[in-house]
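Below: the structure, in structure tokens.
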Amino acid sequence: SDADKAIYTSIMERKGEKAQYATSLKFLAECLKKYHGRNVVILIDEYDVPLENAYFRGFYNQMIDFVRSLFESALKTNDSLEFAVITGCLRISRESIFTGLNNLEVIVLNENYSEYYGFTESEVKEMLRTYGLEEKLQEVKQWYDGYLFGNTEVYNPWSVLNQTKEWFDDKDILAMPWWANTSSNNIIRTLIGQADDETKGIIENLIHGGSVETVLKETVTYGDLTENNENIWSFLFFTGYLKIKEIVKTGELTGEPTIYSLVIPNLEIKS
């Protein structure tokens, strides 16, 4: 019937649109190469944010399929690609988003790049000195410091920049949780909402300056959030809500998992 034909045509058009979305980055790279005569660099920042949104809105598996198709097109079968850099909080492996991309270099807490994850203390001191705010260093340290990558401790750059700007206009303004104001914090609400009494007790202890000892799972995903309560600590660590205080037990020689002591990094996160 004409109605059936219309439905079929609509379905095929939507499939065509989806395929075009999946190959859009590759097509853009081809156009840029044709115009400039050089291979293209692709930078993908916070690739896991669409996965987070999809998880909380109920279409997580569909988003995984789409992102996999997008990455395979742009990064695997793209003759116009020079190289790509992808950033994100979570190292996704179980969903096989990076299927076939066997030439990836995964950098997780790598000491070689540690100074580039945020502002170092020397950089913060120089910034404050430039704007006549040297006396604010300890306050900045309490509020925005505490992130440890390898052996390098770094400050939250977004928060430091914003607070320095505010203090340059008025030194008497109180420090603010800038990161919290730019985040939905859906993760925290979900984790606390589904946690059992023991986990909630640990969270309260963390807020009061305590710690939690746990194994860190580098491959934790949004799909693992409801699997068991231990995944909560890995997730909070890799998304910046907790930091490593110390290694409680190393498993390098025994082959057992390394146990870490995690704490809340600063006043911004605590608030």
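Chain labels A, B, ... are given in the sequence in which chains occur in the structure tokens; within each chain residues are numbered consecutively from 1, and ligands are likewise numbered from 1 in the order shown.
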
Neighbours of Phe235 in chain A within 10 Å (only C-alpha atoms; same-chain residues fewer than 5 positions away dropped), as a ChimeraX atom specification? /A:89-90,187,191,216-222,224-225,230,240-242

As a ChimeraX atom specification, please: every residue in range 102-174 of chain A that DSSP puts in strand (DSSP E). /A:119-120,147-149,152-155

So how far away is CA of Asp79 in chain A from CA of Leu32 in chain A, in Å? 12.1 Å

Run DSSP on the backbone and give me the residues of range 45-263 of chain A it puts in alpha helix (DSSP H), as a ChimeraX atom specification. /A:49-57,60-71,121-130,137-144,157-169,178-181,186-194,197-207,230-238

Would you compute the distance between CA of Asn156 in chain A and CA of Ile64 in chain A? Give it in Å to one decimal. 29.4 Å

Excluding Ile188 in chain A and residues on its chain fewer than 5 positions from it, collect all residues at most 10 Å away from it, counting only C-alpha atoms, and give them as a PyMOL selection string. chain A and resi 193+232+236+241

Keeping only C-alpha atoms, write those residues as a short mmCIF file (atom, residue, chain, number, x, y, z; two decimals), in the first residue's frame.
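Result file follows (out-v8.cif):
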data_model
loop_
_atom_site.label_atom_id
_atom_site.label_comp_id
_atom_site.auth_asym_id
_atom_site.auth_seq_id
_atom_site.Cartn_x
_atom_site.Cartn_y
_atom_site.Cartn_z
CA GLY A 193 21.06 6.96 45.53
CA ILE A 232 31.90 3.19 42.80
CA LEU A 236 34.77 8.39 41.42
CA TYR A 241 36.04 13.10 42.78
#

With only C-alpha atoms as the atoms that count, which of A:Trp143, A:Phe27, A:Phe66, A:Tyr155 lies nearest to Tyr116 in chain A? A:Tyr155

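The coordinates place CA of Phe149 in chain A at 9.6 Å from CA of Gly118 in chain A.
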
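The nearest approach to Thr239 in chain A among the residues A:Gly88, A:Gly146, A:Gly37, A:Gly210, with only C-alpha atoms taken into account, belongs to A:Gly88.
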